[in-house]
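J.: My questions will all concern the structure given below.
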Amino acid sequence: MYSKIDSTWLKHWDFILLDMLMIQIAYVFSYIIRMGLVNPYKDKLYLSIGVILCLADICVAFFTEPYHGIMRRGYFIEFNNTLKHVFFVSLLEVCFLFLTQNGTAFSRLSFVWFFCIAVVLVYCERLIWKHYLISHKQLFYDKVKMLVVTPKEQAHELISRLLEYRFNEFEVVGISYTDSKIKSDERIQDIPVVCMADEIPDYIQTKWVDSVFIRVNDRMQLPAGLLEKCIDMGVTVHTCLEGLEEWTGNQYINRMGGYTVLTSSVRVVSSRQTVMKRLFDICGGIVGLILTGILTIFLGPAIYIASPGPIFFSQTRIGKNGKPFRIYKFRSMYMDAEKRKKDLMEKNEMKGLMFKMESDPRIIGSGPDGTRHGLGWFIRKTSLDEFPQFWNVLKGDMSLVGTRPPTEDEWQQYEYYHRARLAVKPGLTGIWQVSGRSDIVDFEEVVKMDMQYVKSWNIGMDIRILLKTVLVVLTGSGSK
């Protein structure tokens with residue numbers, strides 16, 4: 001799944017917060033100039049307008065996207081943009097005064113002073129902050145890990161041009177040649193040449209790669225089926241229009257590193273959808289962590305008494321587009337569970353790259369044959385072991401709803417098309433969990449369900465899955 005980060009207003013949240021602060025400072029100064037050294041927020045009307053200014057600033061930022069290309073704008077363009085931004089904020093303030101019939105109670109001179117001071121402060125703030133970011137090479141958003149595919153003779157020029165755009169959202173992690181063999185430890189501008197074009201699927205299969213950037217003179221330079229295979233693996237493909245491929249589906253024309261490209265992905269979502277999902281996750285993560293803290297008071301001692309050792313279990317899992325992260329759970333198994341897993345593989349009830357067994361002796365209190373229903377069984381049956389993952393959700397490693405995160409050994413065995421499951425962040429719950437969970441024993445069926453989620457995702461679907469999850473947890477259906 002690909003989110004059009006380059007056009008999203010939230011990418012520059014630092015500018016949004018600083019603009020909001022400058023507008024409030026301008027508002028206070030304008031009041032002091034007119035009324036004297038008095039706190040404007042003590043007056044109900046002026047307090048209301050202060051809040052409206054914050055909301056107006058957010059609305060203007062959301063609907064007009066004034067921060068697009070802000071790092072590349074010159075002084076005059078920046079001033080023009082600042083003037084329009086403050087004008088729209090002021091216009092919304094006037095609308096509020098008109099609709100509430102408070103215009104006569106508000107100082108007109110204070111309004112004029114506010115507009116002038118806000119333009120100066122916001123303009124200066126943007127120039128100073130841009131200078132700081134450029135000087136310190138600082139970023140406040142995650143870069144996309146990108147593999148570049150190009151003929152060898154064009155590689156140096158292409159990399160140079162891409163690196164000129166220091167504040168784009170990508171980081172080139174490797175180069176792949178389409179027409180020449182690579183030399184050992186070959187690098188271009190300190191970026192490693194990692195593979196030939198026909199080796200790309202094998203390379204990105206177990207590496208953290210979010211997207212592939214392709215620039216070729218002739219489509220025949222690319223191995224047959226390469227682009228289709230990358231898309232099927234859930235990797236976003238940016239194709240330079242100089243070597244345009246005919247595609248249908250989720251695609252749009254984009255700008256990347258100074259080039260015009262055709263961006264294709266298994267699913268394209270808008271910036272607003274991305275923001276809504278993240279806000280949804282943050283709210284859910286906060287509530288979930290509060291519940292986790294309460295559960296820890298009761299489950300912590302019980303787990304330690306039943307099986308001395310850490311009450312939390314952590315493990316490296318594979319997240320979106322191959323990004324590894326540490327997942328956290330309440331420990332429901334004995335300390336040697338991972339070591340004993342190899343001996344139990346022949347009893348695996350899943351077909352494919354997942355491990356499940358109903359009578360698992362590794363579960364706390366399950367007995368030698370795994371048939372007893374002890375503490376561990378209760379924790380897993382009620383899904384209480386999953387609650388610490390709300391920390392992963394709040395951190396951004398996971399989402400409330402998504403696909404199941406595979407273990408490292410499962411990831412190493414994935415086929416190409418399996419990788420597309422991870423085109424989205426893994427989730428606490430998902431279609432598989434609310435569709436029978438352990439009753440579904442074929443991994444390929446899980447993949448089909450996950451791809452259904454990836455290709456047709458929307459916020460409404462997440463809400464429905466969460467509601468179904470609550471029902472599944474309360475009834476214990478599909479859980480072993």
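By convention in this document, the chains of the structure tokens carry letters A, B, ... by their order, each chain's residues are numbered from 1, and ligands are numbered from 1 in the order they are shown.
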For region 250-318 of chain A versus region 387-410 of chain A, which residues have an atom no more than 10 Å away, and what is each residue's nearest atom pair and distance in Å rounded to one decimal, using only C-alpha atoms, chain-then-number order, as CSV?
T.:
```
residue,atom,partner,partner_atom,distance
A:Lys277,CA,A:Ser399,CA,8.2
A:Arg278,CA,A:Ser399,CA,7.8
A:Leu279,CA,A:Leu394,CA,9.8
A:Phe280,CA,A:Leu400,CA,8.1
A:Asp281,CA,A:Leu400,CA,5.7
A:Ile282,CA,A:Leu394,CA,5.4
A:Cys283,CA,A:Leu394,CA,8.4
A:Gly284,CA,A:Leu400,CA,7.2
A:Gly285,CA,A:Phe390,CA,4.9
A:Ile286,CA,A:Leu394,CA,7.0
A:Val287,CA,A:Phe390,CA,8.5
A:Gly288,CA,A:Phe390,CA,5.5
A:Leu289,CA,A:Phe390,CA,5.8
A:Ile290,CA,A:Phe390,CA,9.4
A:Leu291,CA,A:Phe387,CA,7.8
A:Thr292,CA,A:Phe387,CA,5.7
A:Gly293,CA,A:Pro388,CA,8.8
A:Leu295,CA,A:Phe387,CA,8.6
A:Thr296,CA,A:Pro388,CA,9.3
A:Phe312,CA,A:Pro388,CA,8.1
A:Phe313,CA,A:Pro388,CA,9.3
A:Ser314,CA,A:Pro388,CA,9.8
A:Gln315,CA,A:Thr407,CA,8.1
A:Thr316,CA,A:Thr407,CA,6.8
A:Arg317,CA,A:Thr407,CA,4.8
A:Ile318,CA,A:Pro406,CA,5.7
```
J.: Extract, using only C-alpha atoms, all DNA, RNA and protein residues at most 6 Å from region 375-381 of chain A, discarding same-chain residues fewer than 2 positions from it, and format them as a compact mmCIF listing (two decimals) with N, CA, C and O atoms, in the first residue's frame.
T.:
```
# COMPACT_ATOMS: atom_id res chain seq x y z
N SER A 332 2.52 -16.18 27.74
CA SER A 332 1.57 -17.26 27.99
C SER A 332 2.23 -18.63 27.85
O SER A 332 1.57 -19.66 28.02
N ILE A 363 2.48 -24.09 26.42
CA ILE A 363 1.62 -23.10 27.07
C ILE A 363 1.63 -23.34 28.58
O ILE A 363 1.53 -24.48 29.06
N ILE A 364 1.72 -22.27 29.36
CA ILE A 364 1.79 -22.35 30.82
C ILE A 364 0.55 -23.07 31.36
O ILE A 364 -0.59 -22.69 31.06
N GLY A 365 0.80 -24.13 32.15
CA GLY A 365 -0.28 -24.86 32.80
C GLY A 365 -0.98 -25.85 31.90
O GLY A 365 -2.04 -26.36 32.26
N HIS A 373 -6.13 -26.99 30.72
CA HIS A 373 -6.49 -25.60 30.53
C HIS A 373 -6.06 -24.79 31.75
O HIS A 373 -6.81 -24.63 32.71
N SER A 383 -7.51 -13.68 24.61
CA SER A 383 -6.66 -12.73 23.87
C SER A 383 -6.04 -11.67 24.76
O SER A 383 -5.64 -10.60 24.27
N LEU A 384 -5.95 -11.94 26.06
CA LEU A 384 -5.31 -10.96 26.96
C LEU A 384 -3.82 -10.83 26.67
O LEU A 384 -3.22 -9.78 26.98
N ASP A 385 -3.22 -11.86 26.08
CA ASP A 385 -1.79 -11.80 25.77
C ASP A 385 -1.47 -10.74 24.74
O ASP A 385 -0.32 -10.27 24.64
N SER A 479 -10.56 -19.33 18.67
CA SER A 479 -9.31 -19.16 19.42
C SER A 479 -8.90 -20.45 20.05
O SER A 479 -9.72 -21.18 20.63
```
J.: What is the CA of Glu164 (chain A) to CA of Met256 (chain A) distance in Å?
T.: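 Interatomic distance, CA of Glu164 (chain A) to CA of Met256 (chain A): 11.3 Å.
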J.: Which neighbours of region 265-267 of chain A fall inside 12 Å, counting only C-alpha atoms, when residues of the same chain fewer than 6 positions from it are skipped, and could you give them as a PyMOL selection string?
T.: chain A and resi 1-4+210-212+227-239+247-252+417+419-424+451-458
J.: Could you check which of A:Lys425, A:Arg372, A:Lys320, A:His12 is closest to Leu133 (chain A), using only C-alpha atoms?
T.: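 Answer, going by the shortest atom-to-atom distance: A:His12.
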J.: For the atom pair CA of Met20 (chain A) and CA of Val120 (chain A), what is the interatomic distance in Å to one decimal place?
T.: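 Pair CA of Met20 (chain A) / CA of Val120 (chain A) returns 13.5 Å.
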